[in-house]
>>> print(open('coords.txt').read())   # compact mmCIF, C-alpha atoms
# COMPACT_ATOMS: atom_id res chain seq x y z
CA MET C 1 19.03 8.46 -19.92
CA ILE C 2 17.97 4.87 -20.62
CA ARG C 3 21.58 3.62 -20.37
CA SER C 4 21.97 5.38 -17.01
CA LEU C 5 18.72 3.84 -15.78
CA ILE C 6 19.84 0.34 -16.84
CA LEU C 7 23.26 0.73 -15.19
CA GLY C 8 21.58 1.88 -11.99
CA LEU C 9 19.30 -1.15 -11.99
CA VAL C 10 22.25 -3.49 -12.58
CA ALA C 11 24.07 -2.00 -9.59
CA LEU C 12 21.04 -2.54 -7.40
CA CYS C 13 20.69 -6.15 -8.62
CA LEU C 14 24.32 -6.89 -7.70
CA ALA C 15 24.01 -5.52 -4.17
CA PRO C 16 24.99 -8.12 -1.54
CA VAL C 17 22.31 -9.76 0.60
CA ALA C 18 22.68 -8.85 4.28
CA ALA C 19 22.06 -11.18 7.20
CA ALA C 20 19.90 -10.71 10.30
CA GLU C 21 22.21 -9.86 13.20
CA PRO C 22 21.38 -9.09 16.84
CA VAL C 23 21.09 -5.36 17.48
CA ALA C 24 19.64 -2.98 20.05
CA ILE C 25 17.75 0.02 18.68
CA LEU C 26 17.57 2.90 21.14
CA GLY C 27 15.05 5.68 20.72
CA GLU C 28 14.33 8.82 22.68
CA LYS C 29 10.74 7.89 21.82
CA VAL C 30 9.63 4.40 20.83
CA TRP C 31 6.13 4.11 19.35
CA THR C 32 5.12 0.47 19.87
CA GLY C 33 1.60 0.24 18.44
CA THR C 34 0.67 -1.87 21.47
CA ALA C 35 -0.70 -1.30 24.97
CA GLN C 36 2.82 -0.17 25.95
CA GLY C 37 2.15 3.03 24.04
CA THR C 38 5.06 5.37 23.38
CA LEU C 39 8.12 4.72 25.53
CA THR C 40 10.61 7.39 26.56
CA ASN C 41 14.23 6.30 26.20
CA GLY C 42 13.10 2.93 24.92
CA VAL C 43 15.12 -0.06 23.73
CA VAL C 44 14.06 -2.54 21.05
CA VAL C 45 16.21 -5.66 20.89
CA ILE C 46 16.05 -7.79 17.76
CA ASP C 47 17.69 -11.09 16.91
CA ASN C 48 17.21 -13.81 14.32
CA GLY C 49 14.56 -11.80 12.48
CA LYS C 50 12.34 -11.33 15.53
CA ILE C 51 11.82 -8.72 18.22
CA VAL C 52 13.21 -10.12 21.47
CA SER C 53 12.18 -7.35 23.85
CA VAL C 54 10.71 -3.85 24.00
CA GLY C 55 11.30 -1.76 27.10
CA THR C 56 13.34 0.97 28.76
CA GLY C 57 16.76 1.08 30.35
CA ALA C 58 20.13 -0.04 29.10
CA ALA C 59 20.82 -2.10 26.01
CA PRO C 60 22.37 -5.58 26.45
CA ALA C 61 26.11 -5.31 27.02
CA GLY C 62 28.26 -5.80 23.98
CA MET C 63 25.36 -5.72 21.51
CA PRO C 64 25.64 -3.42 18.47
CA GLN C 65 23.44 -0.34 18.83
CA VAL C 66 21.49 2.03 16.64
CA LYS C 67 20.49 5.33 18.24
CA ALA C 68 17.64 7.52 17.00
CA GLU C 69 15.14 10.14 18.12
CA TRP C 70 12.16 7.94 17.22
CA VAL C 71 11.69 4.20 16.68
CA THR C 72 8.57 2.72 15.09
CA PRO C 73 7.40 -0.47 13.43
CA GLY C 74 8.03 -0.62 9.69
CA LEU C 75 5.33 1.35 7.88
CA ILE C 76 2.90 -0.52 5.64
CA SER C 77 1.42 0.88 2.43
CA ALA C 78 -2.14 -0.47 2.31
CA PHE C 79 -2.56 0.36 -1.39
CA SER C 80 0.16 0.87 -3.94
CA ARG C 81 1.39 -0.07 -7.39
CA THR C 82 5.02 0.01 -6.36
CA GLY C 83 7.13 -2.49 -8.26
CA ILE C 84 4.73 -3.18 -11.13
CA THR C 85 5.67 -0.10 -13.13
CA GLU C 86 9.05 1.50 -13.70
CA VAL C 87 8.00 4.25 -16.13
CA PRO C 88 4.19 4.72 -16.08
CA GLY C 89 4.11 6.41 -19.48
CA GLU C 90 6.08 3.63 -21.18
CA LYS C 91 3.94 0.57 -21.97
CA SER C 92 6.86 -1.84 -21.94
CA ALA C 93 7.70 -0.79 -18.37
CA ASN C 94 4.13 -0.72 -17.02
CA ASP C 95 2.38 -3.90 -15.84
CA THR C 96 -0.34 -2.25 -13.75
CA GLY C 97 -3.20 -3.15 -16.10
CA ALA C 98 -4.10 -4.92 -19.32
CA GLY C 99 -6.76 -3.11 -21.29
CA GLY C 100 -6.38 -5.43 -24.28
CA SER C 101 -6.61 -8.70 -22.37
CA PRO C 102 -9.72 -10.91 -22.43
CA PHE C 103 -9.06 -11.64 -18.75
CA SER C 104 -9.80 -9.46 -15.73
CA ALA C 105 -10.34 -11.05 -12.29
CA ALA C 106 -7.72 -13.70 -13.08
CA LEU C 107 -4.93 -11.20 -13.70
CA SER C 108 -2.35 -11.63 -10.92
CA ALA C 109 -0.31 -8.47 -10.31
CA ALA C 110 2.41 -10.57 -8.66
CA ASP C 111 3.30 -11.95 -12.09
CA GLY C 112 4.50 -8.47 -13.05
CA PHE C 113 6.30 -7.55 -9.82
CA ASN C 114 9.92 -6.47 -10.20
CA PRO C 115 11.76 -6.18 -6.86
CA ASP C 116 14.54 -4.32 -8.70
CA ALA C 117 12.19 -1.48 -9.73
CA THR C 118 13.66 1.84 -8.59
CA PRO C 119 10.55 2.93 -6.61
CA ILE C 120 11.11 -0.01 -4.23
CA ALA C 121 14.27 1.45 -2.69
CA VAL C 122 12.76 4.95 -2.64
CA THR C 123 9.75 3.61 -0.73
CA ARG C 124 11.96 1.69 1.72
CA LEU C 125 14.10 4.77 2.42
CA GLU C 126 10.99 6.54 3.74
CA GLY C 127 10.30 3.81 6.30
CA PHE C 128 7.92 1.53 4.40
CA THR C 129 8.86 -2.11 4.82
CA ARG C 130 5.70 -3.78 3.44
CA ILE C 131 3.38 -2.94 0.56
CA ALA C 132 -0.02 -4.14 -0.64
CA VAL C 133 0.13 -3.90 -4.43
CA ALA C 134 -3.06 -3.70 -6.50
CA PRO C 135 -3.54 -3.98 -10.26
CA ASP C 136 -5.38 -1.29 -12.20
CA ALA C 137 -8.75 -1.87 -13.86
CA ARG C 138 -8.45 -1.15 -17.57
CA ALA C 139 -11.11 -3.15 -19.44
CA LYS C 140 -13.63 -4.19 -16.79
CA LEU C 141 -14.41 -3.20 -13.23
CA PHE C 142 -12.53 -6.35 -12.11
CA ALA C 143 -8.88 -5.30 -11.90
CA GLY C 144 -7.49 -8.67 -10.79
CA GLN C 145 -5.51 -10.09 -7.89
CA GLY C 146 -3.29 -8.02 -5.60
CA PHE C 147 -0.37 -9.21 -3.49
CA LEU C 148 1.74 -8.42 -0.43
CA ALA C 149 5.49 -7.85 -0.59
CA ASP C 150 8.37 -6.48 1.41
CA THR C 151 10.55 -3.64 0.15
CA SER C 152 13.92 -5.36 0.53
CA GLY C 153 14.36 -5.41 -3.23
CA GLN C 154 15.43 -9.05 -3.03
CA PRO C 155 14.09 -12.12 -4.90
CA GLY C 156 11.25 -13.67 -2.96
CA SER C 157 9.94 -10.27 -1.81
CA VAL C 158 6.34 -11.34 -2.47
CA PHE C 159 5.20 -13.17 0.65
CA LYS C 160 1.54 -13.54 -0.29
CA ASP C 161 0.25 -13.55 -3.85
CA ARG C 162 -3.47 -13.39 -4.60
CA ALA C 163 -3.93 -11.71 -1.23
CA PHE C 164 -7.02 -9.78 -2.35
CA ALA C 165 -9.29 -9.07 -5.29
CA PHE C 166 -9.63 -5.48 -6.47
CA ILE C 167 -12.82 -4.02 -7.96
CA VAL C 168 -13.60 -0.46 -9.02
CA LEU C 169 -17.11 0.99 -8.71
CA GLY C 170 -18.37 4.57 -8.77
CA GLU C 171 -17.50 6.71 -11.78
CA ARG C 172 -14.66 4.49 -13.00
CA GLY C 173 -16.65 1.31 -12.60
CA ALA C 174 -19.50 2.89 -14.51
CA SER C 175 -17.27 3.93 -17.41
CA LEU C 176 -15.77 0.44 -17.62
CA SER C 177 -19.17 -1.24 -17.62
CA GLY C 178 -20.91 0.59 -20.41
CA GLY C 179 -21.44 4.06 -19.00
CA SER C 180 -23.56 3.92 -15.85
CA ARG C 181 -23.57 2.74 -12.27
CA PRO C 182 -26.55 0.41 -12.95
CA ALA C 183 -24.43 -1.28 -15.62
CA ALA C 184 -21.55 -1.69 -13.17
CA TRP C 185 -23.78 -3.26 -10.53
CA ALA C 186 -25.37 -5.55 -13.10
CA ALA C 187 -21.86 -6.70 -14.07
CA LEU C 188 -20.89 -7.25 -10.44
CA ARG C 189 -24.02 -9.25 -9.62
CA GLY C 190 -23.65 -11.19 -12.86
CA ALA C 191 -20.06 -12.07 -11.94
CA PHE C 192 -21.20 -13.36 -8.55
CA ASP C 193 -23.78 -15.53 -10.32
CA ASP C 194 -21.09 -16.79 -12.70
CA VAL C 195 -19.18 -18.07 -9.68
CA ARG C 196 -22.17 -19.44 -7.77
CA PHE C 197 -23.45 -21.38 -10.79
CA PHE C 198 -20.00 -22.17 -12.13
CA THR C 199 -20.68 -25.77 -13.10
CA ALA C 200 -23.89 -25.03 -14.95
CA ARG C 201 -22.45 -22.01 -16.74
CA TYR C 202 -18.98 -23.18 -17.71
CA MET C 203 -19.20 -26.95 -18.01
CA THR C 204 -22.08 -26.81 -20.49
CA HIS C 205 -21.49 -23.49 -22.29
CA ASN C 206 -19.50 -20.26 -22.03
CA ASP C 207 -21.79 -17.76 -23.73
CA GLY C 208 -23.35 -14.70 -22.13
CA ASN C 209 -21.27 -14.81 -18.94
CA VAL C 210 -19.74 -11.71 -17.39
CA LEU C 211 -16.48 -13.50 -16.57
CA THR C 212 -14.35 -15.89 -18.55
CA ARG C 213 -13.89 -19.34 -17.08
CA MET C 214 -10.46 -18.43 -15.71
CA ASP C 215 -11.79 -15.19 -14.23
CA ALA C 216 -14.66 -16.99 -12.51
CA GLN C 217 -12.27 -19.51 -10.99
CA ALA C 218 -9.96 -16.75 -9.75
CA PHE C 219 -12.89 -14.78 -8.32
CA MET C 220 -14.35 -17.80 -6.51
CA PRO C 221 -12.49 -17.36 -3.16
CA ALA C 222 -13.68 -13.73 -2.93
CA VAL C 223 -17.31 -14.67 -3.57
CA LYS C 224 -17.10 -17.41 -0.93
CA GLY C 225 -15.74 -14.97 1.64
CA GLU C 226 -12.34 -16.67 1.69
CA GLN C 227 -10.48 -13.72 0.18
CA LEU C 228 -10.48 -10.00 0.93
CA ILE C 229 -12.11 -7.73 -1.66
CA LEU C 230 -10.91 -4.14 -2.03
CA ILE C 231 -13.59 -1.98 -3.63
CA GLU C 232 -12.81 1.51 -4.90
CA ALA C 233 -15.65 3.98 -4.35
CA ARG C 234 -15.88 7.61 -3.30
CA ARG C 235 -19.45 8.96 -3.34
CA THR C 236 -21.84 8.50 -0.43
CA SER C 237 -24.44 6.70 -2.52
CA ASP C 238 -21.77 4.30 -3.84
CA LEU C 239 -20.68 3.53 -0.29
CA GLU C 240 -24.30 2.92 0.73
CA ALA C 241 -24.75 0.54 -2.22
CA ILE C 242 -21.64 -1.41 -1.20
CA MET C 243 -22.89 -1.72 2.36
CA ASP C 244 -26.29 -2.88 1.09
CA PHE C 245 -24.49 -5.52 -1.00
CA LYS C 246 -22.48 -6.56 2.03
CA GLN C 247 -25.71 -6.99 4.02
CA GLU C 248 -27.06 -9.21 1.25
CA ASN C 249 -23.81 -11.20 1.31
CA PRO C 250 -22.65 -11.15 4.95
CA MET C 251 -19.84 -13.64 4.35
CA LEU C 252 -17.91 -11.17 2.18
CA LYS C 253 -14.66 -9.64 3.46
CA ILE C 254 -14.62 -6.05 2.22
CA ALA C 255 -12.43 -2.98 2.59
CA ILE C 256 -13.20 0.26 0.74
CA VAL C 257 -10.55 2.25 -1.12
CA GLY C 258 -11.14 6.00 -1.41
CA ALA C 259 -14.34 6.81 0.52
CA ASP C 260 -13.86 10.57 0.04
CA GLU C 261 -17.39 11.13 1.32
CA GLY C 262 -17.08 8.36 3.91
CA TRP C 263 -17.58 10.70 6.86
CA ARG C 264 -21.24 11.03 5.87
CA VAL C 265 -21.83 7.31 6.49
CA ALA C 266 -19.17 6.79 9.15
CA ASP C 267 -21.50 5.30 11.74
CA ARG C 268 -22.77 2.64 9.35
CA LEU C 269 -19.25 1.77 8.17
CA ALA C 270 -18.18 1.39 11.78
CA ALA C 271 -21.21 -0.73 12.69
CA MET C 272 -20.50 -3.06 9.76
CA LYS C 273 -16.77 -3.12 10.63
CA ILE C 274 -15.72 -2.16 7.11
CA PRO C 275 -12.19 -0.71 6.99
CA VAL C 276 -11.39 2.28 4.79
CA ILE C 277 -8.13 2.78 2.89
CA MET C 278 -8.08 6.49 2.16
CA ASP C 279 -6.05 9.45 0.97
CA ALA C 280 -6.43 12.18 3.57
CA PHE C 281 -5.16 14.75 1.04
CA SER C 282 -8.34 14.27 -1.00
CA ASN C 283 -10.17 17.36 0.17
CA LEU C 284 -11.46 19.06 -2.99
CA PRO C 285 -14.58 18.53 -5.17
CA ALA C 286 -12.39 17.18 -7.98
CA SER C 287 -15.27 15.13 -9.40
CA PHE C 288 -18.98 14.59 -8.88
CA SER C 289 -18.02 11.72 -6.56
CA GLN C 290 -15.98 14.02 -4.31
CA LEU C 291 -18.28 16.99 -3.75
CA ALA C 292 -18.29 16.41 0.01
CA ALA C 293 -14.55 15.68 0.32
CA THR C 294 -12.92 17.22 3.38
CA SER C 295 -9.56 17.26 5.15
CA GLU C 296 -11.38 16.07 8.26
CA ASN C 297 -12.56 12.84 6.63
CA ALA C 298 -9.96 10.67 8.38
CA ALA C 299 -10.63 12.22 11.78
CA ARG C 300 -14.40 11.85 11.46
CA LEU C 301 -14.17 8.26 10.27
CA ALA C 302 -11.80 7.32 13.09
CA ARG C 303 -13.93 9.11 15.66
CA ALA C 304 -16.87 6.97 14.61
CA GLY C 305 -14.80 3.81 15.06
CA VAL C 306 -13.96 3.03 11.42
CA PRO C 307 -10.56 1.31 10.96
CA VAL C 308 -8.64 3.78 8.77
CA ALA C 309 -5.49 3.14 6.72
CA ILE C 310 -3.86 6.15 5.05
CA VAL C 311 -2.23 5.96 1.61
CA ASN C 312 -1.29 8.15 -1.33
CA LEU C 313 -3.82 7.49 -4.10
CA ASP C 314 -2.55 10.28 -6.37
CA ASP C 315 0.65 8.41 -7.23
CA ALA C 316 0.49 4.91 -5.83
CA SER C 317 3.45 3.62 -7.82
CA HIS C 318 6.36 6.01 -7.23
CA GLN C 319 5.09 8.09 -4.31
CA ALA C 320 3.48 5.57 -1.97
CA ARG C 321 6.05 6.88 0.53
CA LEU C 322 4.13 10.17 0.86
CA ALA C 323 1.50 8.42 2.96
CA ALA C 324 3.43 9.42 6.09
CA GLN C 325 3.24 13.09 5.10
CA ILE C 326 -0.46 12.68 4.33
CA ALA C 327 -1.00 11.12 7.77
CA GLY C 328 0.74 14.13 9.30
CA ASN C 329 -1.69 16.43 7.52
CA ALA C 330 -4.57 14.32 8.84
CA VAL C 331 -3.21 14.96 12.35
CA ALA C 332 -3.26 18.69 11.59
CA ASN C 333 -6.95 18.26 10.75
CA GLY C 334 -8.04 16.50 13.90
CA LEU C 335 -6.80 12.90 13.66
CA PRO C 336 -5.02 11.83 16.88
CA PHE C 337 -1.30 11.11 16.42
CA ASP C 338 -1.58 7.51 17.64
CA THR C 339 -4.48 6.86 15.26
CA ALA C 340 -2.46 8.30 12.37
CA MET C 341 0.45 6.01 13.22
CA LYS C 342 -1.89 3.03 13.40
CA ALA C 343 -3.22 4.02 9.97
CA LEU C 344 0.30 3.36 8.66
CA THR C 345 1.05 0.23 10.68
CA THR C 346 -1.40 -1.80 12.73
CA VAL C 347 -4.55 -1.13 10.67
CA PRO C 348 -3.00 -2.18 7.31
CA ALA C 349 -1.57 -5.26 9.06
CA GLU C 350 -5.02 -6.16 10.37
CA ILE C 351 -6.78 -5.51 7.04
CA PHE C 352 -4.47 -7.87 5.17
CA GLY C 353 -3.86 -10.39 7.96
CA MET C 354 -0.13 -9.61 8.24
CA SER C 355 0.56 -11.47 11.46
CA GLY C 356 3.42 -10.13 13.55
CA LEU C 357 3.77 -6.90 11.59
CA GLY C 358 2.83 -3.29 12.30
CA VAL C 359 3.82 -3.47 16.00
CA LEU C 360 6.88 -3.51 18.22
CA ALA C 361 6.31 -6.44 20.57
CA PRO C 362 8.24 -9.50 21.71
CA GLY C 363 7.89 -12.26 19.13
CA ALA C 364 6.82 -9.90 16.34
CA ARG C 365 8.70 -9.83 13.06
CA ALA C 366 11.59 -7.39 13.24
CA ASP C 367 10.40 -4.73 10.79
CA VAL C 368 11.76 -1.70 12.63
CA VAL C 369 12.55 1.87 11.56
CA ALA C 370 14.83 4.31 13.38
CA TRP C 371 14.07 7.99 12.62
CA ASP C 372 15.91 11.28 13.10
CA GLY C 373 12.66 12.95 14.18
CA ASP C 374 8.88 12.65 14.36
CA PRO C 375 7.93 10.13 11.63
CA LEU C 376 4.96 12.25 10.54
CA GLU C 377 7.03 15.41 10.10
CA ILE C 378 8.01 16.11 6.50
CA THR C 379 11.56 17.04 7.53
CA SER C 380 12.16 13.71 9.30
CA ALA C 381 13.73 10.67 7.69
CA PRO C 382 14.80 7.15 8.68
CA VAL C 383 18.42 6.60 9.70
CA ALA C 384 18.05 2.81 9.68
CA VAL C 385 15.49 0.34 8.31
CA PHE C 386 15.24 -3.32 9.30
CA ILE C 387 13.14 -5.91 7.48
CA ASP C 388 12.85 -9.23 9.30
CA GLY C 389 15.87 -8.15 11.31
CA VAL C 390 18.06 -7.40 8.29
CA SER C 391 19.62 -3.94 8.18
CA GLU C 392 18.64 -2.60 4.77
CA PRO C 393 20.87 -0.37 2.61
CA MET C 394 19.99 3.28 2.99
CA GLU C 395 20.49 4.09 -0.67
CA SER C 396 18.55 4.24 -3.90
CA ARG C 397 19.34 5.14 -7.48
CA GLN C 398 18.55 8.76 -6.59
CA THR C 399 20.93 8.87 -3.61
CA LYS C 400 23.68 7.28 -5.72
CA LEU C 401 23.21 9.91 -8.42
CA ARG C 402 23.20 12.65 -5.77
CA ASP C 403 26.44 11.40 -4.24
CA ARG C 404 28.04 10.94 -7.63
CA TYR C 405 27.41 14.49 -8.77
CA LEU C 406 28.09 16.10 -5.40
CA SER C 407 31.51 14.47 -5.45
CA LEU C 408 32.50 16.02 -8.81
CA ASP C 409 35.34 18.53 -8.78
CA HIS C 410 33.69 21.46 -10.53
CA THR C 411 37.04 22.97 -11.45
CA ASP C 412 37.74 19.96 -13.67
CA ARG C 413 34.61 20.41 -15.74
CA PRO C 414 34.88 21.53 -19.35
CA LEU C 415 35.04 25.26 -19.88
CA ALA C 416 31.42 25.38 -21.08
CA TYR C 417 30.30 24.47 -17.56
CA LYS C 418 32.36 27.11 -15.75
CA HIS C 419 30.82 30.37 -14.58
>>> encode(input="coords.txt", output="structure tokens")
Amino acid sequence: MIRSLILGLVALCLAPVAAAEPVAILGEKVWTGTAQGTLTNGVVVIDNGKIVSVGTGAAPAGMPQVKAEWVTPGLISAFSRTGITEVPGEKSANDTGAGGSPFSAALSAADGFNPDATPIAVTRLEGFTRIAVAPDARAKLFAGQGFLADTSGQPGSVFKDRAFAFIVLGERGASLSGGSRPAAWAALRGAFDDVRFFTARYMTHNDGNVLTRMDAQAFMPAVKGEQLILIEARRTSDLEAIMDFKQENPMLKIAIVGADEGWRVADRLAAMKIPVIMDAFSNLPASFSQLAATSENAARLARAGVPVAIVNLDDASHQARLAAQIAGNAVANGLPFDTAMKALTTVPAEIFGMSGLGVLAPGARADVVAWDGDPLEITSAPVAVFIDGVSEPMESRQTKLRDRYLSLDHTDRPLAYKH
């Protein structure tokens, strides 16, 4: 098992690096994510890593073509742990968190990113070209620094490290802070004071502070409003407390992860322009923080004007790809199709400041996916994926194993395997 896994990883590492070539991608439907809307019989022309044109009609003469039923921008996972764990249950292969470390806010998840991790290719094969990767909080409510990466599986995949700080509040934050929400908020406010009075607290002494010196330095851009903060919270009262904190600190850039009961405070979230990164499958009272969870959460939030990004929070490492299926279920529960597509493309791009991504428009980066059907249908799949104009391999360790065993001549197997 382990030997097979290692050999598979070696094969992926040795895969040749493709180049960005001009190509015309023709779709019976082309979802642009712009004012052009969805084009019928559309043509997306890409060259030199950029989108040259988006329109209808014939493709440029002599240019290689890719034909598909649907064409969309590359999907973006707004919250994942893809690439920082290979086997979650094996400590040596899991860099999502560090419960035994004295550091918290200073932990940079990018230092543990492995572009060769097998979930990268699996995620790419389902149309996701970019991922926001967050560390996990293990010792304190401050998980550390998240980053942005592409899913090419190539060295240099991380294009923005320390892109955001990640904090957990609610039940998890309480348990990590001594056992109660008041303790969690005391820790959070104390950490902000550590940063604001950094010189007095760390140049003269380092006793009684919430954060270590390194943590305070790493957390400084977030406190100053120069860095996005993702805050995990689910219950209505937790969301209200975060919004109160935001009002006290208007310079902060905040997005909320979870918000299972967000529909109850949708108008206030919209008025404060706080985006929500949510799992639309979270529809059961699985905890005391989710008693008002509903399948209509995404639709109600969007209807109120809240920017919504849809992700898979149940398995953010290996199954981030299921966000498209989850978005399809949100459509079945009242979310407009275009809004669901934006929740996988334009909204994540806006939350994380990914310029030129999440749309099909002239001058945009050529992250383009060609599909054999509706991208939100569970039976649909990409037939081609481009990242910055490069045609990516449509294979993973799983597809290689499938092809290997499907190609076996069963009559040549040992007698014990014959029926």
>>> closest_residue(input="coords.txt", among="C:Leu322, C:Ala20, C:Ala255, C:Ala149", to="Glu392 in chain C", atoms="all atoms listed in the file")
C:Ala20
>>> closest_residue(input="coords.txt", among="C:Leu291, C:Ile231, C:Met243, C:Val369", to="Lys273 in chain C", atoms="only C-alpha atoms")
C:Met243
>>> residues_around(input="coords.txt", residues="Val87 in chain C", least_positions_apart="5", cutoff="10 Å", atoms="only C-alpha atoms", output="PyMOL selection string")
chain C and resi 92-95+117-119+317-318
>>> closest_residue(input="coords.txt", among="C:Val133, C:Ile25, C:Ile51, C:Ala35", to="Met63 in chain C", atoms="all atoms listed in the file")
C:Ile25
>>> closest_residue(input="coords.txt", among="C:Ala316, C:Ile120, C:Leu230, C:Leu344", to="Arg81 in chain C", atoms="only C-alpha atoms")
C:Ala316
>>> atom_distance(input="coords.txt", atom1="CA of Lys342 in chain C", atom2="CA of Phe281 in chain C")
17.3 Å
>>> atom_distance(input="coords.txt", atom1="CA of Ser53 in chain C", atom2="CA of Gly37 in chain C")
14.4 Å
>>> atom_distance(input="coords.txt", atom1="CA of Val210 in chain C", atom2="CA of Phe192 in chain C")
9.1 Å
>>> residues_near_point(input="coords.txt", point="(11.6, 3.2, -3.7)", cutoff="10 Å", atoms="all atoms listed in the file", output="list in words")
Thr82, Gly83, Pro115, Asp116, Ala117, Thr118, Pro119, Ile120, Ala121, Val122, Thr123, Arg124, Leu125, Glu126, Phe128, Thr151, Ser152, Gly153, Ser317, His318, Gln319, Ala320, Arg321, Glu395, Ser396, Arg397 and Gln398 of chain C
>>> write_last_selection(input="coords.txt", atoms="C-alpha atoms", output="PDB file, keeping the file's coordinate frame")
ATOM      1  CA  THR C  82       5.020   0.010  -6.360  1.00  0.00           C
ATOM      2  CA  GLY C  83       7.130  -2.490  -8.260  1.00  0.00           C
ATOM      3  CA  PRO C 115      11.760  -6.180  -6.860  1.00  0.00           C
ATOM      4  CA  ASP C 116      14.540  -4.320  -8.700  1.00  0.00           C
ATOM      5  CA  ALA C 117      12.190  -1.480  -9.730  1.00  0.00           C
ATOM      6  CA  THR C 118      13.660   1.840  -8.590  1.00  0.00           C
ATOM      7  CA  PRO C 119      10.550   2.930  -6.610  1.00  0.00           C
ATOM      8  CA  ILE C 120      11.110  -0.010  -4.230  1.00  0.00           C
ATOM      9  CA  ALA C 121      14.270   1.450  -2.690  1.00  0.00           C
ATOM     10  CA  VAL C 122      12.760   4.950  -2.640  1.00  0.00           C
ATOM     11  CA  THR C 123       9.750   3.610  -0.730  1.00  0.00           C
ATOM     12  CA  ARG C 124      11.960   1.690   1.720  1.00  0.00           C
ATOM     13  CA  LEU C 125      14.100   4.770   2.420  1.00  0.00           C
ATOM     14  CA  GLU C 126      10.990   6.540   3.740  1.00  0.00           C
ATOM     15  CA  PHE C 128       7.920   1.530   4.400  1.00  0.00           C
ATOM     16  CA  THR C 151      10.550  -3.640   0.150  1.00  0.00           C
ATOM     17  CA  SER C 152      13.920  -5.360   0.530  1.00  0.00           C
ATOM     18  CA  GLY C 153      14.360  -5.410  -3.230  1.00  0.00           C
ATOM     19  CA  SER C 317       3.450   3.620  -7.820  1.00  0.00           C
ATOM     20  CA  HIS C 318       6.360   6.010  -7.230  1.00  0.00           C
ATOM     21  CA  GLN C 319       5.090   8.090  -4.310  1.00  0.00           C
ATOM     22  CA  ALA C 320       3.480   5.570  -1.970  1.00  0.00           C
ATOM     23  CA  ARG C 321       6.050   6.880   0.530  1.00  0.00           C
ATOM     24  CA  GLU C 395      20.490   4.090  -0.670  1.00  0.00           C
ATOM     25  CA  SER C 396      18.550   4.240  -3.900  1.00  0.00           C
ATOM     26  CA  ARG C 397      19.340   5.140  -7.480  1.00  0.00           C
ATOM     27  CA  GLN C 398      18.550   8.760  -6.590  1.00  0.00           C
TER      28      GLN C 398
END
>>> build_atoms(input="coords.txt", residues="range 73-82 of chain C", atoms="N, CA, C and O atoms", output="mmCIF file, in the coordinates of the input")
data_model
loop_
_atom_site.group_PDB
_atom_site.id
_atom_site.type_symbol
_atom_site.label_atom_id
_atom_site.label_comp_id
_atom_site.auth_asym_id
_atom_site.auth_seq_id
_atom_site.Cartn_x
_atom_site.Cartn_y
_atom_site.Cartn_z
ATOM 1 N N PRO C 73 7.466 0.695 14.308
ATOM 2 C CA PRO C 73 7.400 -0.470 13.430
ATOM 3 C C PRO C 73 7.595 -0.023 11.981
ATOM 4 O O PRO C 73 7.416 1.162 11.653
ATOM 5 N N GLY C 74 7.976 -0.938 11.110
ATOM 6 C CA GLY C 74 8.030 -0.620 9.690
ATOM 7 C C GLY C 74 6.660 -0.193 9.207
ATOM 8 O O GLY C 74 5.643 -0.792 9.571
ATOM 9 N N LEU C 75 6.612 0.870 8.406
ATOM 10 C CA LEU C 75 5.330 1.350 7.880
ATOM 11 C C LEU C 75 4.843 0.409 6.783
ATOM 12 O O LEU C 75 5.633 -0.250 6.103
ATOM 13 N N ILE C 76 3.527 0.374 6.616
ATOM 14 C CA ILE C 76 2.900 -0.520 5.640
ATOM 15 C C ILE C 76 2.022 0.304 4.705
ATOM 16 O O ILE C 76 1.115 1.012 5.161
ATOM 17 N N SER C 77 2.280 0.224 3.412
ATOM 18 C CA SER C 77 1.420 0.880 2.430
ATOM 19 C C SER C 77 0.254 -0.048 2.121
ATOM 20 O O SER C 77 0.438 -1.139 1.584
ATOM 21 N N ALA C 78 -0.953 0.382 2.475
ATOM 22 C CA ALA C 78 -2.140 -0.470 2.310
ATOM 23 C C ALA C 78 -2.664 -0.502 0.887
ATOM 24 O O ALA C 78 -3.557 -1.290 0.568
ATOM 25 N N PHE C 79 -2.132 0.366 0.010
ATOM 26 C CA PHE C 79 -2.560 0.360 -1.390
ATOM 27 C C PHE C 79 -1.481 1.032 -2.215
ATOM 28 O O PHE C 79 -1.204 2.220 -2.035
ATOM 29 N N SER C 80 -0.863 0.285 -3.094
ATOM 30 C CA SER C 80 0.160 0.870 -3.940
ATOM 31 C C SER C 80 0.233 0.107 -5.258
ATOM 32 O O SER C 80 -0.411 -0.921 -5.437
ATOM 33 N N ARG C 81 1.036 0.640 -6.161
ATOM 34 C CA ARG C 81 1.390 -0.070 -7.390
ATOM 35 C C ARG C 81 2.913 -0.086 -7.541
ATOM 36 O O ARG C 81 3.443 -0.221 -8.631
ATOM 37 N N THR C 82 3.563 0.009 -6.404
ATOM 38 C CA THR C 82 5.020 0.010 -6.360
ATOM 39 C C THR C 82 5.569 -1.332 -6.826
ATOM 40 O O THR C 82 5.184 -2.376 -6.332
#
